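Input: a single structure, listed below in structure tokens.
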Amino acid sequence: MFIINDDGGKTGIKDYIEDVVENIIFSSRWLLAPIFLGLIVTLVIILFKFFQILIIFVPDSIHMSFEEVAMGVLNLLDLALLGNLILLVIFSGYENFVSKINPAQDHEDRPSWMGNLDFSGLKVKIVGSIVAISLIELLHDFLNSSISVNPEVEMWRVILHLVFVVSGVLFSIMNYISAKKK
């Protein structure tokens, strides 16, 4: 069985099936859209948690020591970095894998990296955010060191942080080499 194209060429059933399969595969990218919507819900949860901590933190800060204030600020920074990370994944993931965000195309508040961040650059930014979050957690533990600290747990946290740092450096080097080859 053959199908006649507009240009007079013949297309077989195999080509028709291939087109259908490729259209299904291409359309499957939309299965990611609900995941990005779910990440927006997590961003709302982080916003709620940020203000919950802030509302408790501000009045209590008057009676807190410097270390306690620093710990409270680190908790808020942790949530802000986590929110940035989620937003970065939402924007760049949606634009790289699903579709362009049309309302943002000519908007004056459009982030400069939006639409220009490829998968490789996204990995570097994500690892950078994870390193920053890990560092804040280590600072948190360090400031809390007057309380009982398990040295073995801390050792593994430091090792994990160093793994994040080395991974970030390696991703950056790979990104640099890849950009240089282009």
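Simple scheme: letters A, B, ... for chains in structure tokens order, numbers from 1 for residues in each chain, numbers from 1 for ligands in the order shown.
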Exercise for review: Using only C-alpha atoms, determine which residues lie at most 12 Å from Pro151 in chain A, disregarding the query and same-chain residues fewer than 5 positions distant; provide the list as an MDAnalysis selection string.
Suggested key: chainID A and resid 141:142 145 156:158
**Study point:** Picked from range 16-148 of chain A by DSSP as helix (DSSP H, G or I), as a VMD selection string
**Key:** chain A and resid 16 to 63 66 to 97 102 to 104 119 to 143
Exercise for review: From a DSSP pass on the backbone, collect the residues of chain A flagged as strand (DSSP E) and hand them back as a PyMOL selection string.
Suggested key: chain A and resi 2-4+10-12
Review point. Out of A:Phe91, A:Trp30, A:Tyr176, A:Phe164, which residue has the shortest atom-to-atom distance to Gly121 in chain A when counting only C-alpha atoms?
Key: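 Between A:Phe91, A:Trp30, A:Tyr176, A:Phe164, the residue approaching Gly121 in chain A most closely is A:Tyr176.
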Review point. With only C-alpha atoms as the atoms that count, which of A:Ile56, A:Val98, A:Leu160, A:Leu135 lies nearest to Phe26 in chain A?
Key: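 Result for the nearest residue to Phe26 in chain A: A:Val98.
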Which residues come within 12 Å of Val41 in chain A, counting only C-alpha atoms, excluding same-chain residues fewer than 6 positions away, as a compact mmCIF listing (two decimals) with N, CA, C and O atoms, in the first residue's frame?
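Dumped to out26.txt:
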```
# COMPACT_ATOMS: atom_id res chain seq x y z
N PRO A 34 2.55 19.09 33.75
CA PRO A 34 1.99 18.95 35.12
C PRO A 34 3.08 18.86 36.19
O PRO A 34 2.86 19.31 37.32
N ILE A 35 4.24 18.32 35.85
CA ILE A 35 5.33 18.25 36.81
C ILE A 35 5.80 19.66 37.17
O ILE A 35 6.02 19.99 38.34
N LEU A 47 7.32 29.40 50.10
CA LEU A 47 6.93 30.78 50.45
C LEU A 47 6.20 30.80 51.79
O LEU A 47 6.50 31.62 52.66
N PHE A 48 5.27 29.88 51.96
CA PHE A 48 4.53 29.78 53.22
C PHE A 48 5.49 29.51 54.39
O PHE A 48 5.42 30.17 55.43
N GLY A 83 14.06 28.08 46.83
CA GLY A 83 13.06 28.67 45.94
C GLY A 83 13.67 29.07 44.60
O GLY A 83 13.08 28.84 43.53
N ILE A 86 14.22 25.93 42.53
CA ILE A 86 12.97 25.42 41.96
C ILE A 86 12.52 26.28 40.78
O ILE A 86 12.14 25.76 39.73
N LEU A 87 12.60 27.60 40.93
CA LEU A 87 12.20 28.49 39.84
C LEU A 87 13.10 28.31 38.62
O LEU A 87 12.62 28.30 37.48
N ILE A 90 11.99 25.17 36.92
CA ILE A 90 10.70 25.37 36.25
C ILE A 90 10.89 26.11 34.94
O ILE A 90 10.46 25.65 33.87
```
Review point. Nearest to Leu37 in chain A among A:Leu81, A:Val89, A:Leu74, A:Val149, with distances taken over only C-alpha atoms: which residue is it?
Key: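 Ranked by minimum distance to Leu37 in chain A, first place goes to A:Val89.
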Point to revise | Neighbour list for Ile133 in chain A as a list in words, cut-off 9 Å, only C-alpha atoms, skip fewer than 4 positions in-chain | key: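 The residues satisfying every condition are Leu77, Asp78, Leu79, Leu81, Leu82, Gly128, Ser129, Glu137 and Leu138 of chain A.
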Check your understanding: What is the distance, in Å and to one decimal place, between CA of Val58 in chain A and CA of Val73 in chain A?
Key -> 10.3 Å
